[in-house]
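> One structure follows; several queries about it will come next.
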Amino acid sequence: MSIHPTAIVHPETQIHEEAEIGPYSIIGPRVHIGAKTRVGPHVVIAQNTHMGEENQIFQFASVGEVPQDLKYAKEQTQLNIGNRNIIREYATLHIGTQGGGGLTQLGDDNLIMAYSHIAHDCKIGSRCILANAVNLAGHVEMGDCVIMGGLSAVHQFTRIGKHAFISGGSMVTMDVPPYCIAQGDRAELAGLNKVGLTRHHFSQEQQERIKEAYRILFRSQLSLSDALKRLEAAYNGHPEIEELIHFIADSKRGITR
């Protein structure tokens, strides 16, 4: 393995022989770093972090630090990071809290840009992009293939559905359904993420069904419960619509309209 002589590595750390640790980085206890992961200079991986393969951590990032939660009482919680993630300068990712399940989780192939913050107990899917200075409060859940524009933020316990797009500068305080665009303060829906659906190979038929589901949910005169019943009756067996129905039915904070 390649560990720069100026790096400080705790003896309880497990570093794969193909990993790289840059100058002046500090690696704390109970950290696992997988193959071909590159930790740049001046990075702090504080503790209790499991990191997969081929990740890139850029200078001055803070990973695995204790939560910014006054209820945290030094319990041994965890941060899990998957494979092929890019974590840019000054990004911060915190371990979980006992009250929130004890785990903060980041999937695969995500891009976390500079100054972004992923708080305790967040669950982030795969292939997401958080642009510069995105802030996720505690317990946020984000599905796969979500894009968040710069300077946007998400309230604690809020969920972002798969393939959603959050415009830059948005303040999200309620759940954003899959496939939707949300923007503004406080964020409101602004249509469907058609570009994202096309890029991720949704067929024309799937996109038409999603478009009709959006119309029934948010542009008809039906109540939300009646709209969901209509979707279940009309599109039973179509996975893309079932994803939308289940997400809305499981909402606790309420749905962005």
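In the structure tokens, chains take letters A, B, ... by order of appearance, with residues numbered from 1 within each chain and ligands from 1 in the order shown.
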May I have the residues within 10 Å of range 32-46 of chain A as a ChimeraX atom specification, using only C-alpha atoms and disregarding those fewer than 5 positions away in the same chain?

/A:1-4,6-10,12-27,51-66,80-90,92-95

> Pick out the closest residue to Ile160 in chain A from this set: A:Lys194, A:Lys123, A:Arg219, A:Arg209. Count only C-alpha atoms.

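Closest to Ile160 in chain A, using only C-alpha atoms: A:Lys123.
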
> Write out as a ChimeraX atom specification which residues come within 9 Å of range 137-145 of chain A when counting only C-alpha atoms, dropping same-chain ones fewer than 4 positions away.

/A:67-69,96,100,104,107,110,117-129,153-165,178,196,200

> Within 7 Å of Gly184 in chain A, counting only C-alpha atoms, which residues show up once you throw out same-chain ones fewer than 5 positions away? Write them as a ChimeraX atom specification, please.

/A:169-171

> Please save N, CA and C atoms of the selected residues as a compact mmCIF listing (two decimals), in the first residue's frame.


# COMPACT_ATOMS: atom_id res chain seq x y z
N GLY A 169 -30.42 26.22 -5.09
CA GLY A 169 -30.99 27.18 -4.16
C GLY A 169 -32.31 26.79 -3.54
N SER A 170 -32.78 25.58 -3.77
CA SER A 170 -34.07 25.16 -3.24
C SER A 170 -33.96 24.76 -1.78
N MET A 171 -35.05 25.00 -1.05
CA MET A 171 -35.16 24.58 0.35
C MET A 171 -36.28 23.54 0.43

> Taking the DSSP secondary structure from the backbone, can you list the residues of range 88-252 of chain A that are strand (DSSP E or B), as JSON, numbers by chain?

{"A": [92, 93, 94, 103, 104, 105, 106, 111, 112, 117, 118, 123, 124, 129, 130, 135, 136, 141, 142, 147, 148, 153, 154, 159, 160, 165, 166, 171, 172, 175, 176, 180, 181, 182, 183, 185, 188, 189, 190, 191, 192]}

> Which of range 7-255 of chain A counts as helix (DSSP H, G or I) under DSSP, as a PyMOL selection string please?

chain A and resi 98-100+194-199+204-218+224-235+239-249

> Using only C-alpha atoms, pick whichever of A:Val134, A:Met174, A:Leu111, A:Ile166 has the shortest atom-to-atom distance to Lys252 in chain A.

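Selected residue with least distance to Lys252 in chain A: A:Met174.
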